[in-house]
>>> print(open('data.pdb').read())   # PDB, C-alpha atoms
MODEL        1
ATOM      1  CA  MET A   1     113.574 110.351  77.110
ATOM      2  CA  LYS A   2     114.925 108.048  79.804
ATOM      3  CA  HIS A   3     114.858 109.128  83.472
ATOM      4  CA  VAL A   4     118.218 108.794  85.232
ATOM      5  CA  PRO A   5     118.156 109.020  89.059
ATOM      6  CA  SER A   6     120.462 111.615  90.612
ATOM      7  CA  LYS A   7     123.407 110.643  92.819
ATOM      8  CA  ALA A   8     121.546 111.982  95.856
ATOM      9  CA  GLY A   9     118.536 109.831  95.012
ATOM     10  CA  LEU A  10     120.683 106.733  94.583
ATOM     11  CA  CYS A  11     122.520 107.419  97.855
ATOM     12  CA  GLY A  12     119.201 107.838  99.666
ATOM     13  CA  MET A  13     117.863 104.578  98.281
ATOM     14  CA  LEU A  14     121.089 102.750  99.188
ATOM     15  CA  PHE A  15     121.010 104.190 102.716
ATOM     16  CA  ALA A  16     117.374 103.149 103.174
ATOM     17  CA  ALA A  17     118.037  99.656 101.825
ATOM     18  CA  LEU A  18     120.998  99.126 104.145
ATOM     19  CA  PHE A  19     119.598 100.572 107.356
ATOM     20  CA  SER A  20     115.861  99.863 107.179
ATOM     21  CA  PRO A  21     116.295  96.344 108.591
ATOM     22  CA  LEU A  22     118.087  97.834 111.614
ATOM     23  CA  TRP A  23     115.269 100.282 112.322
ATOM     24  CA  MET A  24     112.661  97.578 111.861
ATOM     25  CA  ALA A  25     114.473  95.266 114.287
ATOM     26  CA  GLN A  26     114.282  97.924 117.005
ATOM     27  CA  ALA A  27     110.561  98.525 116.600
ATOM     28  CA  ALA A  28     108.263  96.864 119.112
ATOM     29  CA  PRO A  29     104.506  96.900 119.525
ATOM     30  CA  ALA A  30     103.083  99.417 121.978
ATOM     31  CA  ASP A  31     102.183  98.185 125.442
ATOM     32  CA  TRP A  32      98.573  97.750 126.562
ATOM     33  CA  TYR A  33      97.244  99.225 129.811
ATOM     34  CA  TRP A  34      94.116  99.152 131.918
ATOM     35  CA  TRP A  35      92.430 102.542 131.886
ATOM     36  CA  SER A  36      90.077 103.331 134.790
ATOM     37  CA  SER A  37      87.200 105.764 134.498
ATOM     38  CA  LYS A  38      87.253 108.705 136.907
ATOM     39  CA  THR A  39      83.437 108.810 136.952
ATOM     40  CA  SER A  40      82.459 105.122 137.226
ATOM     41  CA  ASP A  41      83.870 101.651 137.910
ATOM     42  CA  ALA A  42      84.481 101.045 134.192
ATOM     43  CA  ARG A  43      87.848  99.744 133.002
ATOM     44  CA  VAL A  44      89.134  99.473 129.430
ATOM     45  CA  CYS A  45      92.230  97.715 128.084
ATOM     46  CA  ALA A  46      93.838  99.943 125.423
ATOM     47  CA  GLN A  47      97.174 101.176 124.101
ATOM     48  CA  THR A  48      96.153 104.830 124.245
ATOM     49  CA  SER A  49      93.823 106.842 126.432
ATOM     50  CA  PRO A  50      90.123 106.459 125.642
ATOM     51  CA  GLY A  51      89.803 110.201 126.260
ATOM     52  CA  GLU A  52      89.411 112.668 129.077
ATOM     53  CA  GLY A  53      88.260 111.226 132.370
ATOM     54  CA  TRP A  54      90.426 108.092 132.261
ATOM     55  CA  THR A  55      93.482 107.181 134.356
ATOM     56  CA  GLN A  56      96.193 104.791 133.149
ATOM     57  CA  GLU A  57      97.104 102.020 135.585
ATOM     58  CA  LYS A  58     100.827 101.310 136.039
ATOM     59  CA  GLN A  59     101.092  97.660 134.954
ATOM     60  CA  ALA A  60     101.854  97.181 131.232
ATOM     61  CA  TYR A  61     100.555  94.193 129.245
ATOM     62  CA  SER A  62     101.593  92.660 125.933
ATOM     63  CA  ASP A  63      98.134  91.614 124.728
ATOM     64  CA  ALA A  64      94.836  93.325 123.909
ATOM     65  CA  ARG A  65      93.030  91.606 126.778
ATOM     66  CA  CYS A  66      95.495  92.886 129.381
ATOM     67  CA  GLU A  67      96.195  89.329 130.561
ATOM     68  CA  LYS A  68      99.918  88.874 129.779
ATOM     69  CA  LYS A  69     101.922  91.146 132.076
ATOM     70  CA  LYS A  70     105.075  92.746 130.690
ATOM     71  CA  LEU A  71     108.173  92.076 132.758
TER      72      LEU A  71
ENDMDL
END
>>> encode(input="data.pdb", output="structure tokens")
Amino acid sequence: MKHVPSKAGLCGMLFAALFSPLWMAQAAPADWYWWSSKTSDARVCAQTSPGEGWTQEKQAYSDARCEKKKL
């Protein structure tokens, strides 16, 4: 027996094929930030908080070393 996709399935696939490139074009990598420890002088460059006890600095960076400032 041959499987025939439903109209809804075909419409969904067509929609995804047409609009996926638009969504992908809008996606951008997450910014990197310096995170400062509240309990020591330690600093970490990361995209997300290393956990409790860390404060995010305001300047955003585009690289994992926090060297290239975002404009």
>>> residues_around(input="data.pdb", residues="Ala30 in chain A", least_positions_apart="4", cutoff="10 Å", atoms="only C-alpha atoms", output="ChimeraX atom specification")
/A:46-48,60-63
>>> resolve_selection(input="data.pdb", expression="the PyMOL selection byres ((chain A and resi 36-41) around 7)", output="PyMOL selection string")
chain A and resi 34-35+42-44+53-56
>>> resolve_selection(input="data.pdb", expression="the PyMOL selection byres ((chain A and resi 69) around 12)", output="PyMOL selection string")
chain A and resi 31-34+58-68+70-71
